file coords.cif (mmCIF, C-alpha atoms and all ligand atoms)
data_model
#
loop_
_atom_site.label_atom_id
_atom_site.label_comp_id
_atom_site.auth_asym_id
_atom_site.auth_seq_id
_atom_site.Cartn_x
_atom_site.Cartn_y
_atom_site.Cartn_z
CA MET V 28 -43.29 48.97 -30.50
CA ASN V 29 -43.26 49.95 -34.13
CA GLN V 30 -44.92 53.37 -34.72
CA LYS V 31 -46.60 51.74 -37.73
CA PRO V 32 -47.68 48.66 -35.82
CA HIS V 33 -48.73 45.29 -37.10
CA VAL V 34 -52.36 45.04 -35.90
CA ALA V 35 -54.35 41.80 -35.60
CA VAL V 36 -58.15 41.99 -35.28
CA VAL V 37 -59.39 38.85 -33.53
CA GLY V 38 -63.10 38.28 -34.24
CA ALA V 39 -62.80 40.45 -37.35
CA THR V 40 -66.05 39.12 -38.87
CA GLY V 41 -68.20 39.94 -35.83
CA ALA V 42 -70.33 42.98 -35.00
CA VAL V 43 -67.47 44.59 -33.02
CA GLY V 44 -64.69 43.37 -35.37
CA ILE V 45 -66.26 45.07 -38.39
CA GLU V 46 -66.52 48.34 -36.42
CA MET V 47 -62.91 47.90 -35.33
CA LEU V 48 -61.78 47.96 -38.99
CA LYS V 49 -63.95 50.99 -39.80
CA THR V 50 -62.66 52.85 -36.72
CA LEU V 51 -58.98 52.11 -37.47
CA GLU V 52 -59.55 53.45 -40.98
CA LYS V 53 -61.61 56.51 -40.03
CA ARG V 54 -59.18 57.60 -37.31
CA ASN V 55 -56.20 57.08 -39.61
CA PHE V 56 -54.60 54.73 -37.14
CA PRO V 57 -51.13 54.09 -38.62
CA VAL V 58 -51.61 50.37 -39.30
CA GLY V 59 -48.35 49.05 -40.80
CA LYS V 60 -49.64 45.53 -41.37
CA LEU V 61 -53.09 44.04 -40.79
CA THR V 62 -54.03 40.47 -39.90
CA LEU V 63 -57.68 39.42 -39.68
CA LEU V 64 -58.51 36.42 -37.51
CA ALA V 65 -61.77 34.56 -36.85
CA SER V 66 -63.04 31.00 -36.56
CA ALA V 67 -62.44 28.26 -39.14
CA ARG V 68 -65.95 29.08 -40.49
CA SER V 69 -64.69 32.41 -41.86
CA VAL V 70 -61.38 31.35 -43.38
CA GLY V 71 -61.02 32.87 -46.85
CA LYS V 72 -63.70 35.53 -46.31
CA LYS V 73 -62.58 38.95 -47.61
CA LEU V 74 -62.96 42.20 -45.67
CA LYS V 75 -62.07 45.68 -46.94
CA PHE V 76 -59.68 48.04 -45.20
CA ARG V 77 -58.54 51.32 -46.79
CA GLY V 78 -59.98 50.12 -50.12
CA GLU V 79 -57.90 46.93 -50.09
CA GLU V 80 -59.23 43.39 -49.60
CA PHE V 81 -57.81 41.35 -46.72
CA THR V 82 -58.41 37.62 -46.28
CA VAL V 83 -59.61 36.27 -42.94
CA GLU V 84 -57.36 33.62 -41.40
CA GLU V 85 -58.08 31.08 -38.72
CA LEU V 86 -57.18 32.08 -35.16
CA LYS V 87 -54.35 29.80 -34.05
CA LYS V 88 -51.81 30.04 -31.25
CA ASP V 89 -48.93 30.85 -33.63
CA ALA V 90 -50.86 33.73 -35.25
CA PHE V 91 -49.23 36.46 -33.11
CA LYS V 92 -45.58 36.28 -34.18
CA GLY V 93 -44.54 39.84 -35.10
CA VAL V 94 -47.96 41.29 -34.16
CA ASP V 95 -47.66 44.52 -32.10
CA ILE V 96 -51.31 45.10 -31.13
CA GLY V 97 -54.14 42.53 -30.91
CA LEU V 98 -57.67 43.91 -30.83
CA PHE V 99 -59.72 41.01 -29.44
CA SER V 100 -63.51 40.66 -29.79
CA ALA V 101 -64.25 36.95 -30.16
CA GLY V 102 -65.79 36.23 -26.75
CA GLY V 103 -64.48 35.50 -23.26
CA SER V 104 -63.38 31.90 -23.74
CA ILE V 105 -61.33 32.79 -26.84
CA SER V 106 -59.72 35.70 -24.96
CA LYS V 107 -58.89 33.47 -21.99
CA GLU V 108 -57.22 30.98 -24.27
CA PHE V 109 -55.46 33.26 -26.77
CA ALA V 110 -54.78 36.64 -25.08
CA PRO V 111 -52.03 35.27 -22.76
CA VAL V 112 -50.45 33.45 -25.73
CA ALA V 113 -50.49 36.68 -27.77
CA ALA V 114 -49.04 38.69 -24.84
CA GLN V 115 -46.32 36.06 -24.42
CA ALA V 116 -45.40 36.55 -28.09
CA GLY V 117 -44.86 40.29 -27.43
CA CYS V 118 -48.23 41.56 -28.68
CA VAL V 119 -50.23 44.04 -26.55
CA VAL V 120 -53.81 42.77 -26.34
CA VAL V 121 -56.78 45.14 -26.04
CA ASP V 122 -59.57 42.80 -25.00
CA ASN V 123 -63.28 43.50 -25.43
CA SER V 124 -64.54 40.52 -23.49
CA SER V 125 -65.17 40.36 -19.74
CA ALA V 126 -62.39 37.74 -19.28
CA PHE V 127 -59.76 40.03 -17.70
CA ARG V 128 -61.66 43.16 -16.68
CA MET V 129 -61.56 42.49 -12.94
CA ASP V 130 -58.04 40.99 -12.95
CA ASP V 131 -55.81 43.11 -10.67
CA LYS V 132 -52.91 42.75 -13.10
CA VAL V 133 -54.94 44.08 -16.04
CA PRO V 134 -55.84 47.77 -16.47
CA LEU V 135 -59.49 48.46 -17.38
CA VAL V 136 -59.53 51.68 -19.35
CA ILE V 137 -61.79 54.40 -20.72
CA PRO V 138 -59.24 56.88 -22.11
CA GLU V 139 -61.33 59.96 -21.21
CA ILE V 140 -61.32 58.77 -17.57
CA ASN V 141 -58.21 56.74 -16.70
CA ALA V 142 -55.87 56.80 -19.71
CA ALA V 143 -52.85 56.76 -17.36
CA ASP V 144 -53.72 53.20 -16.31
CA VAL V 145 -52.54 52.03 -19.75
CA LYS V 146 -48.99 52.64 -18.47
CA TRP V 147 -48.98 49.72 -16.04
CA HIS V 148 -50.17 47.06 -18.49
CA LYS V 149 -48.35 43.74 -18.62
CA GLY V 150 -49.46 42.72 -22.10
CA ILE V 151 -53.25 42.81 -21.71
CA ILE V 152 -55.54 45.85 -21.36
CA ALA V 153 -59.29 45.37 -20.90
CA ASN V 154 -62.06 47.36 -22.54
CA PRO V 155 -65.05 47.93 -20.24
CA ASN V 156 -68.58 46.58 -20.50
CA CYS V 157 -70.52 48.64 -23.06
CA THR V 158 -73.37 49.78 -20.75
CA THR V 159 -70.84 50.77 -18.09
CA ALA V 160 -68.77 52.71 -20.64
CA VAL V 161 -71.75 54.70 -21.94
CA THR V 162 -72.93 55.49 -18.37
CA LEU V 163 -69.50 56.53 -17.08
CA MET V 164 -69.00 58.99 -19.94
CA ALA V 165 -71.61 61.17 -18.19
CA LEU V 166 -71.25 59.96 -14.60
CA TYR V 167 -67.48 60.40 -14.24
CA PRO V 168 -67.37 64.17 -14.94
CA LEU V 169 -70.21 64.58 -12.42
CA HIS V 170 -68.29 62.43 -9.95
CA GLN V 171 -65.21 64.65 -10.32
CA ALA V 172 -67.31 67.73 -9.54
CA PHE V 173 -69.74 66.44 -6.91
CA GLY V 174 -68.46 63.02 -5.71
CA VAL V 175 -70.87 60.22 -6.62
CA LYS V 176 -71.98 57.90 -3.77
CA ARG V 177 -74.35 55.57 -5.56
CA ILE V 178 -76.64 55.21 -8.56
CA PHE V 179 -79.89 53.48 -9.42
CA ALA V 180 -80.15 52.81 -13.15
CA SER V 181 -82.11 51.00 -15.87
CA SER V 182 -80.59 50.26 -19.24
CA TYR V 183 -82.22 50.08 -22.66
CA GLN V 184 -79.75 47.89 -24.56
CA ALA V 185 -79.64 47.44 -28.34
CA VAL V 186 -79.62 43.98 -29.89
CA SER V 187 -76.23 44.58 -31.56
CA GLY V 188 -74.82 44.34 -28.02
CA THR V 189 -75.42 40.59 -28.32
CA GLY V 190 -73.58 40.38 -31.65
CA ALA V 191 -74.26 39.84 -35.34
CA LYS V 192 -76.73 36.96 -34.84
CA ALA V 193 -78.98 39.09 -32.61
CA ILE V 194 -79.17 41.89 -35.21
CA GLU V 195 -80.33 39.24 -37.66
CA GLU V 196 -82.86 37.87 -35.10
CA LEU V 197 -84.59 41.26 -34.71
CA ARG V 198 -84.72 41.75 -38.51
CA ARG V 199 -86.10 38.26 -39.04
CA GLN V 200 -88.72 38.52 -36.29
CA VAL V 201 -89.98 41.90 -37.55
CA ASP V 202 -90.30 40.41 -41.03
CA GLU V 203 -92.09 37.29 -39.76
CA ILE V 204 -94.54 39.29 -37.62
CA VAL V 205 -95.33 41.74 -40.43
CA LYS V 206 -96.11 38.72 -42.63
CA GLY V 207 -98.45 37.34 -39.94
CA LYS V 208 -96.12 34.45 -39.03
CA GLN V 209 -94.97 33.20 -35.63
CA ALA V 210 -91.68 34.85 -34.61
CA SER V 211 -88.87 32.27 -34.56
CA LYS V 212 -86.34 32.43 -31.68
CA GLU V 213 -82.65 31.48 -31.77
CA VAL V 214 -80.65 34.02 -29.75
CA TYR V 215 -82.97 35.33 -27.00
CA PRO V 216 -85.25 33.16 -24.81
CA HIS V 217 -88.25 35.33 -25.82
CA GLN V 218 -89.38 37.33 -28.83
CA ILE V 219 -87.42 40.62 -28.92
CA ALA V 220 -89.36 42.33 -31.74
CA PHE V 221 -92.13 44.56 -30.28
CA ASN V 222 -91.07 43.48 -26.79
CA VAL V 223 -88.55 44.31 -24.04
CA LEU V 224 -86.63 41.70 -22.05
CA PRO V 225 -85.58 42.48 -18.46
CA HIS V 226 -82.75 40.02 -18.87
CA VAL V 227 -79.20 40.69 -20.14
CA ASP V 228 -76.50 38.07 -19.42
CA SER V 229 -76.89 35.23 -16.93
CA PHE V 230 -78.52 35.44 -13.49
CA LEU V 231 -76.49 35.42 -10.27
CA PRO V 232 -77.70 33.81 -7.00
CA ASP V 233 -78.73 37.23 -5.59
CA GLY V 234 -81.13 37.87 -8.50
CA TYR V 235 -79.05 40.47 -10.34
CA THR V 236 -77.53 39.50 -13.70
CA LYS V 237 -73.79 39.51 -14.40
CA GLU V 238 -74.30 42.48 -16.74
CA GLU V 239 -76.03 44.46 -13.98
CA MET V 240 -73.16 43.96 -11.51
CA LYS V 241 -70.56 45.11 -14.08
CA MET V 242 -71.63 48.73 -13.51
CA GLN V 243 -70.59 48.66 -9.85
CA ASN V 244 -67.56 46.40 -10.19
CA GLU V 245 -66.08 47.95 -13.34
CA GLY V 246 -67.19 51.46 -12.31
CA ARG V 247 -65.15 51.15 -9.08
CA LYS V 248 -62.04 50.06 -10.98
CA ILE V 249 -62.24 52.64 -13.79
CA MET V 250 -63.13 55.63 -11.56
CA HIS V 251 -60.69 54.50 -8.80
CA HIS V 252 -63.67 54.73 -6.47
CA PRO V 253 -63.82 51.59 -4.30
CA THR V 254 -67.02 52.53 -2.42
CA PHE V 255 -69.14 53.36 -5.51
CA ARG V 256 -72.46 51.49 -5.44
CA ALA V 257 -74.79 50.75 -8.36
CA SER V 258 -78.16 49.00 -8.40
CA VAL V 259 -79.00 48.35 -12.04
CA THR V 260 -81.73 46.64 -14.06
CA CYS V 261 -80.52 45.79 -17.57
CA VAL V 262 -83.18 45.57 -20.27
CA ARG V 263 -82.83 44.45 -23.88
CA VAL V 264 -84.95 46.55 -26.26
CA PRO V 265 -85.74 46.18 -29.98
CA VAL V 266 -83.24 48.86 -31.05
CA TYR V 267 -80.54 47.86 -33.53
CA ARG V 268 -77.74 50.04 -32.29
CA ALA V 269 -76.82 52.35 -29.33
CA HIS V 270 -77.56 51.69 -25.67
CA SER V 271 -79.36 54.14 -23.38
CA VAL V 272 -79.34 54.30 -19.59
CA ALA V 273 -81.72 56.14 -17.21
CA VAL V 274 -79.64 57.05 -14.15
CA SER V 275 -80.49 58.45 -10.70
CA ALA V 276 -77.27 59.43 -8.95
CA GLU V 277 -76.65 60.53 -5.39
CA PHE V 278 -73.67 62.80 -4.69
CA GLU V 279 -71.62 63.83 -1.67
CA LYS V 280 -71.94 67.53 -2.49
CA PRO V 281 -75.08 69.54 -3.29
CA VAL V 282 -75.74 69.61 -7.04
CA THR V 283 -77.89 71.86 -9.18
CA VAL V 284 -79.11 71.22 -12.71
CA GLU V 285 -77.23 74.27 -14.00
CA ALA V 286 -73.97 73.24 -12.31
CA ALA V 287 -74.36 69.71 -13.70
CA ARG V 288 -75.03 71.04 -17.21
CA GLU V 289 -71.94 73.22 -16.98
CA VAL V 290 -69.81 70.20 -16.07
CA LEU V 291 -71.33 67.96 -18.75
CA ARG V 292 -71.04 70.61 -21.47
CA LYS V 293 -67.23 70.49 -21.07
CA ALA V 294 -66.87 66.71 -20.74
CA PRO V 295 -64.77 65.00 -23.45
CA GLY V 296 -66.55 62.57 -25.77
CA LEU V 297 -69.97 63.75 -24.60
CA GLN V 298 -72.66 65.98 -26.09
CA LEU V 299 -75.26 67.78 -24.02
CA ILE V 300 -78.68 67.47 -25.68
CA ASP V 301 -81.10 68.80 -23.10
CA ASN V 302 -83.88 70.97 -24.35
CA PRO V 303 -87.13 69.33 -23.21
CA GLY V 304 -89.21 72.32 -24.34
CA LYS V 305 -88.21 71.48 -27.93
CA ASN V 306 -88.43 67.70 -27.40
CA GLU V 307 -84.64 67.53 -27.62
CA TYR V 308 -82.92 64.72 -25.72
CA PRO V 309 -80.48 61.94 -26.71
CA LEU V 310 -82.00 59.27 -28.95
CA PRO V 311 -80.26 55.96 -29.75
CA LEU V 312 -81.42 56.18 -33.37
CA TYR V 313 -79.35 59.32 -33.91
CA LEU V 314 -76.39 58.27 -31.78
CA ALA V 315 -75.80 55.13 -33.83
CA GLU V 316 -72.47 55.37 -35.67
CA GLN V 317 -71.46 58.48 -33.64
CA TYR V 318 -68.27 58.56 -31.60
CA ASP V 319 -69.68 60.82 -28.87
CA CYS V 320 -72.22 59.72 -26.27
CA ALA V 321 -74.95 62.20 -25.32
CA VAL V 322 -76.66 63.18 -22.07
CA GLY V 323 -79.96 64.92 -21.43
CA ARG V 324 -83.21 64.92 -19.36
CA ILE V 325 -81.11 66.35 -16.51
CA ARG V 326 -83.19 67.12 -13.43
CA ARG V 327 -82.99 67.16 -9.65
CA ASP V 328 -83.88 63.69 -8.40
CA CYS V 329 -86.93 64.27 -6.20
CA ALA V 330 -86.43 61.05 -4.21
CA MET V 331 -82.95 61.66 -2.79
CA ASP V 332 -80.77 64.38 -1.28
CA ASN V 333 -78.05 65.76 -3.57
CA GLY V 334 -79.59 63.65 -6.33
CA LEU V 335 -79.60 64.08 -10.08
CA ALA V 336 -81.55 62.11 -12.68
CA PHE V 337 -80.35 61.96 -16.28
CA TRP V 338 -80.50 59.93 -19.52
CA VAL V 339 -77.39 58.95 -21.43
CA SER V 340 -77.17 57.24 -24.84
CA GLY V 341 -74.22 56.09 -26.92
CA ASP V 342 -73.23 53.68 -29.67
CA GLN V 343 -72.09 50.65 -27.68
CA LEU V 344 -70.38 49.12 -30.74
CA LEU V 345 -68.18 52.25 -30.79
CA LYS V 346 -67.68 53.85 -27.36
CA GLY V 347 -68.60 50.56 -25.69
CA ALA V 348 -66.24 48.51 -27.85
CA ALA V 349 -64.39 49.39 -31.10
CA LEU V 350 -63.78 53.12 -30.60
CA ASN V 351 -62.64 52.66 -27.01
CA ALA V 352 -60.29 49.85 -28.09
CA VAL V 353 -58.75 51.96 -30.86
CA GLN V 354 -58.41 54.91 -28.45
CA ILE V 355 -56.47 52.58 -26.12
CA ALA V 356 -54.26 51.56 -29.06
CA GLU V 357 -53.65 55.28 -29.73
CA GLU V 358 -52.63 55.70 -26.07
CA LEU V 359 -50.18 52.81 -26.53
CA LEU V 360 -48.55 54.59 -29.46
CA GLU V 361 -48.26 57.83 -27.46
CA LEU V 362 -46.73 55.91 -24.58
CA ASN V 363 -44.28 54.38 -27.03
CA VAL V 364 -43.22 57.84 -28.23
CA GLU V 365 -42.78 59.01 -24.60
CA ASN V 366 -40.67 55.94 -23.82
CA MET V 367 -38.52 56.44 -26.94
CA GLU V 368 -37.98 60.11 -26.05
CA ARG V 369 -37.09 59.20 -22.47
CA SER V 370 -34.56 56.57 -23.57
CA SER V 371 -32.97 58.87 -26.16
CA GLN V 372 -32.66 61.60 -23.46
CA LYS V 373 -31.01 59.00 -21.20
CA ASP V 374 -28.64 57.99 -24.04
CA GLY V 375 -27.84 61.70 -24.58
CA LEU V 376 -27.05 62.16 -20.89
CA LEU V 377 -24.84 59.08 -20.85
CA ALA V 378 -23.03 60.25 -23.99
CA ALA V 379 -22.51 63.72 -22.39
CA ARG V 380 -20.80 62.09 -19.41
N1 LIG Y 401 -71.53 43.78 -29.47
C1 LIG Y 401 -71.20 44.72 -28.59
O1 LIG Y 401 -71.81 45.80 -28.51
C2 LIG Y 401 -70.06 44.49 -27.64
C3 LIG Y 401 -69.67 45.54 -26.80
C4 LIG Y 401 -68.61 45.33 -25.91
C5 LIG Y 401 -67.98 44.11 -25.88
N2 LIG Y 401 -68.39 43.11 -26.71
C6 LIG Y 401 -67.67 41.83 -26.64
O2 LIG Y 401 -66.99 41.62 -27.86
C7 LIG Y 401 -66.95 40.23 -28.18
C8 LIG Y 401 -67.54 39.99 -29.56
O3 LIG Y 401 -68.84 40.49 -29.63
P1 LIG Y 401 -69.63 40.66 -31.00
O4 LIG Y 401 -70.86 41.37 -30.63
O5 LIG Y 401 -68.76 41.22 -32.08
O6 LIG Y 401 -69.99 39.12 -31.36
P2 LIG Y 401 -70.27 38.45 -32.78
O7 LIG Y 401 -70.90 39.40 -33.71
O8 LIG Y 401 -70.99 37.19 -32.44
O9 LIG Y 401 -68.80 38.10 -33.32
C9 LIG Y 401 -68.00 37.11 -32.74
C10 LIG Y 401 -66.66 37.05 -33.45
O10 LIG Y 401 -65.85 36.08 -32.79
C11 LIG Y 401 -65.41 35.11 -33.73
N3 LIG Y 401 -65.29 33.79 -33.15
C12 LIG Y 401 -66.26 33.05 -32.59
N4 LIG Y 401 -65.78 31.83 -32.22
C13 LIG Y 401 -64.47 31.83 -32.57
C14 LIG Y 401 -63.42 30.87 -32.48
N5 LIG Y 401 -63.63 29.67 -31.94
N6 LIG Y 401 -62.20 31.21 -32.94
C15 LIG Y 401 -61.97 32.41 -33.49
N7 LIG Y 401 -62.93 33.37 -33.62
C16 LIG Y 401 -64.17 33.08 -33.16
C17 LIG Y 401 -66.47 35.11 -34.80
O11 LIG Y 401 -65.93 34.55 -35.99
P3 LIG Y 401 -66.86 33.78 -37.06
O12 LIG Y 401 -67.57 34.85 -37.83
O13 LIG Y 401 -65.87 33.02 -37.85
O14 LIG Y 401 -67.80 32.92 -36.27
C18 LIG Y 401 -66.75 36.60 -34.91
O15 LIG Y 401 -65.76 37.23 -35.67
C19 LIG Y 401 -67.69 39.54 -27.01
O16 LIG Y 401 -66.76 39.16 -26.04
C20 LIG Y 401 -68.58 40.63 -26.47
O17 LIG Y 401 -68.91 40.44 -25.12
C21 LIG Y 401 -69.41 43.26 -27.58
#

call {"tool": "encode", "arguments": {"input": "coords.cif", "output": "structure tokens"}}
result
Amino acid sequence: MNQKPHVAVVGATGAVGIEMLKTLEKRNFPVGKLTLLASARSVGKKLKFRGEEFTVEELKKDAFKGVDIGLFSAGGSISKEFAPVAAQAGCVVVDNSSAFRMDDKVPLVIPEINAADVKWHKGIIANPNCTTAVTLMALYPLHQAFGVKRIFASSYQAVSGTGAKAIEELRRQVDEIVKGKQASKEVYPHQIAFNVLPHVDSFLPDGYTKEEMKMQNEGRKIMHHPTFRASVTCVRVPVYRAHSVAVSAEFEKPVTVEAAREVLRKAPGLQLIDNPGKNEYPLPLYLAEQYDCAVGRIRRDCAMDNGLAFWVSGDQLLKGAALNAVQIAEELLELNVENMERSSQKDGLLAAR
């Protein structure tokens, strides 16, 4: 792969796509060439990157010739249709949808946890579910220290997790209600403004939603922990940006609040904000647009042995999507350097013989 890769952003006009562009720019990712792809509705739209205007093109099967990295965030059906085509054309796809996350041939990666899994990709790498990503940023370091057995959790998920139309729905409903009008509904089955919906994603026959089961299924794969169990209730709240999760975790080993704080203080990509006496704890409002997630409200769980309760918040458009995807792309470039060094060492050895 080129060390100044040709990057295609698929779903560039969406809530995640826009963050993808900002993140590539902010992290100085060495984009050699940029292609922006979306639906036919967006053809001709201009988006800025590094002060330059780029025109959005229509996503078509021949769009990936010469593309090194494809950052996909256009929904599961688009990924299912186009990611294999892109991989076939030699592009490495980092996919934000749920289409390939549980596929045995596809690594599912949070770089702070299992960056090494990037190495065995076969053209597609999956980005985890956003609520799972935010939770694991705090849970995984605790797991390494104390061995997590199971968690009970409730999420407080921002509307931007549903995409650009849901952000607009909350704005519109607030405006309508303030003006004394009936709130109009397009995205969610119920009013989201001044309400909470215990319903994220579609329901499964056992009563959980698909989103709720992602924590256990994706958590097992990312942490390499096949017996991890998670019972989760996912709730949509009228917050624009950043998800929060209240977690009760049970561990194999005894755990104290001080020992947990010590572990979390050193965890990468995580801030410890835990000073209840000063009303200091993570708040989604202040974690919006931040790369790090934050953990606080750490206490012994009084209802289980070796239990710990905590609260974790993080910008799901970043750590749960765009930032994580760009971090994976950075891992790909590092891997490329390692491979080049290895092959030049091999060439050197052969030449010496
Ligand atoms: N939002 C989050 O926090 C989050 C977090 C993790 C993962 N994800 C995943 O990321 C994906 C995108 O989410 P989002 O929130 O960014 O949604 P969004 O705001 O609704 O954006 C969807 C994007 O997909 C494009 N698209 C839709 N239909 C298309 C088609 N037929 N061909 C080509 N492009 C098409 C849209 O283009 P147009 O503008 O032209 O319609 C737009 O750019 C989803 O799979 C979602 O599950 C989202």

call {"tool": "closest_residue", "arguments": {"input": "coords.cif", "among": "V:Leu377, V:Ala180, V:Leu314, V:Ala101", "to": "ligand LIG 401 (chain Y)", "atoms": "only C-alpha atoms and all ligand atoms"}}
result
V:Ala101

call {"tool": "residues_around", "arguments": {"input": "coords.cif", "residues": "segment 43-56 of chain V", "least_positions_apart": "4", "cutoff": "6 Å", "atoms": "all atoms listed in the file", "output": "PyMOL selection string"}}
result
chain V and resi 38-39+344+349

call {"tool": "residues_near_ligand", "arguments": {"input": "coords.cif", "ligand": "ligand LIG 401 (chain Y)", "cutoff": "7 Å", "atoms": "all atoms listed in the file", "output": "ChimeraX atom specification"}}
result
/V:37-44,64-69,85-86,100-103,105,123-125,156-157,187-192,343-344,347-348

call {"tool": "residues_near_point", "arguments": {"input": "coords.cif", "point": "(-81.0, 45.1, -23.5)", "cutoff": "10 Å", "atoms": "only C-alpha atoms", "output": "list in words"}}
result
Thr158, Ser181, Ser182, Tyr183, Gln184, Ala185, Val186, Ser187, Gly188, Thr189, Ile219, Val223, Leu224, Pro225, His226, Val227, Asp228, Glu238, Thr260, Cys261, Val262, Arg263, Val264, Pro265, Val266, His270 and Ser271 of chain V

call {"tool": "closest_residue", "arguments": {"input": "coords.cif", "among": "V:Glu289, V:Gly296, V:Ala356, V:Arg369", "to": "Asp122 of chain V", "atoms": "all atoms listed in the file"}}
result
V:Ala356

call {"tool": "atom_distance", "arguments": {"input": "coords.cif", "atom1": "atom CA of Gly334 of chain V", "atom2": "atom CA of Asn302 of chain V"}}
result
19.9 Å

call {"tool": "atom_distance", "arguments": {"input": "coords.cif", "atom1": "atom CA of Val353 of chain V", "atom2": "atom CA of Ala172 of chain V"}}
result
27.9 Å

call {"tool": "closest_residue", "arguments": {"input": "coords.cif", "among": "V:His33, V:Pro57, V:Phe81, V:Gln171", "to": "Gly117 of chain V", "atoms": "all atoms listed in the file"}}
result
V:His33

call {"tool": "atom_distance", "arguments": {"input": "coords.cif", "atom1": "atom CA of Leu291 of chain V", "atom2": "atom CA of Ile152 of chain V"}}
result
27.3 Å

call {"tool": "closest_residue", "arguments": {"input": "coords.cif", "among": "V:Cys329, V:Val259, V:Leu360, V:Ala165", "to": "Gly341 of chain V", "atoms": "all atoms listed in the file"}}
result
V:Ala165

call {"tool": "closest_residue", "arguments": {"input": "coords.cif", "among": "V:Pro168, V:Gln317, V:Thr159, V:Val112", "to": "Met240 of chain V", "atoms": "all atoms listed in the file"}}
result
V:Thr159

call {"tool": "residues_around", "arguments": {"input": "coords.cif", "residues": "Phe278 of chain V", "least_positions_apart": "4", "cutoff": "10 Å", "atoms": "all atoms listed in the file", "output": "PyMOL selection string"}}
result
chain V and resi 169-170+172-178+282+331-335

call {"tool": "closest_residue", "arguments": {"input": "coords.cif", "among": "V:Ile194, V:Ala143, V:Ala153, V:Ala378", "to": "Asp130 of chain V", "atoms": "only C-alpha atoms"}}
result
V:Ala153

call {"tool": "decode", "arguments": {"input": "coords.cif", "residues": "segment 254-268 of chain V", "atoms": "N, CA and C atoms", "output": "mmCIF file, in the first residue's frame"}}
result
data_model
loop_
_atom_site.group_PDB
_atom_site.id
_atom_site.type_symbol
_atom_site.label_atom_id
_atom_site.label_comp_id
_atom_site.auth_asym_id
_atom_site.auth_seq_id
_atom_site.Cartn_x
_atom_site.Cartn_y
_atom_site.Cartn_z
ATOM 1 N N THR V 254 -16.557 -16.358 26.898
ATOM 2 C CA THR V 254 -17.626 -16.624 27.883
ATOM 3 C C THR V 254 -18.197 -15.336 28.489
ATOM 4 N N PHE V 255 -17.766 -14.186 27.984
ATOM 5 C CA PHE V 255 -18.274 -12.893 28.490
ATOM 6 C C PHE V 255 -19.784 -12.810 28.287
ATOM 7 N N ARG V 256 -20.502 -12.361 29.324
ATOM 8 C CA ARG V 256 -21.963 -12.235 29.206
ATOM 9 C C ARG V 256 -22.392 -10.797 29.497
ATOM 10 N N ALA V 257 -23.392 -10.330 28.750
ATOM 11 C CA ALA V 257 -23.850 -8.945 28.929
ATOM 12 C C ALA V 257 -25.359 -8.877 28.770
ATOM 13 N N SER V 258 -26.032 -8.388 29.800
ATOM 14 C CA SER V 258 -27.477 -8.150 29.710
ATOM 15 C C SER V 258 -27.667 -6.637 29.673
ATOM 16 N N VAL V 259 -28.163 -6.146 28.550
ATOM 17 C CA VAL V 259 -28.161 -4.690 28.308
ATOM 18 C C VAL V 259 -29.553 -4.192 27.936
ATOM 19 N N THR V 260 -29.894 -3.000 28.426
ATOM 20 C CA THR V 260 -31.092 -2.298 27.951
ATOM 21 C C THR V 260 -30.613 -1.025 27.262
ATOM 22 N N CYS V 261 -30.891 -0.896 25.978
ATOM 23 C CA CYS V 261 -30.441 0.285 25.234
ATOM 24 C C CYS V 261 -31.565 1.313 25.165
ATOM 25 N N VAL V 262 -31.229 2.551 25.502
ATOM 26 C CA VAL V 262 -32.234 3.611 25.604
ATOM 27 C C VAL V 262 -31.783 4.818 24.774
ATOM 28 N N ARG V 263 -32.674 5.319 23.949
ATOM 29 C CA ARG V 263 -32.375 6.529 23.169
ATOM 30 C C ARG V 263 -32.806 7.740 24.003
ATOM 31 N N VAL V 264 -31.931 8.718 24.136
ATOM 32 C CA VAL V 264 -32.229 9.901 24.952
ATOM 33 C C VAL V 264 -32.077 11.166 24.101
ATOM 34 N N PRO V 265 -32.732 12.249 24.505
ATOM 35 C CA PRO V 265 -32.674 13.479 23.688
ATOM 36 C C PRO V 265 -31.381 14.258 23.904
ATOM 37 N N VAL V 266 -30.278 13.605 23.565
ATOM 38 C CA VAL V 266 -28.933 14.201 23.622
ATOM 39 C C VAL V 266 -28.462 14.194 22.176
ATOM 40 N N TYR V 267 -27.817 15.276 21.726
ATOM 41 C CA TYR V 267 -27.403 15.307 20.323
ATOM 42 C C TYR V 267 -26.219 14.379 20.055
ATOM 43 N N ARG V 268 -25.259 14.400 20.980
ATOM 44 C CA ARG V 268 -24.012 13.712 20.651
ATOM 45 C C ARG V 268 -23.346 13.161 21.903
#
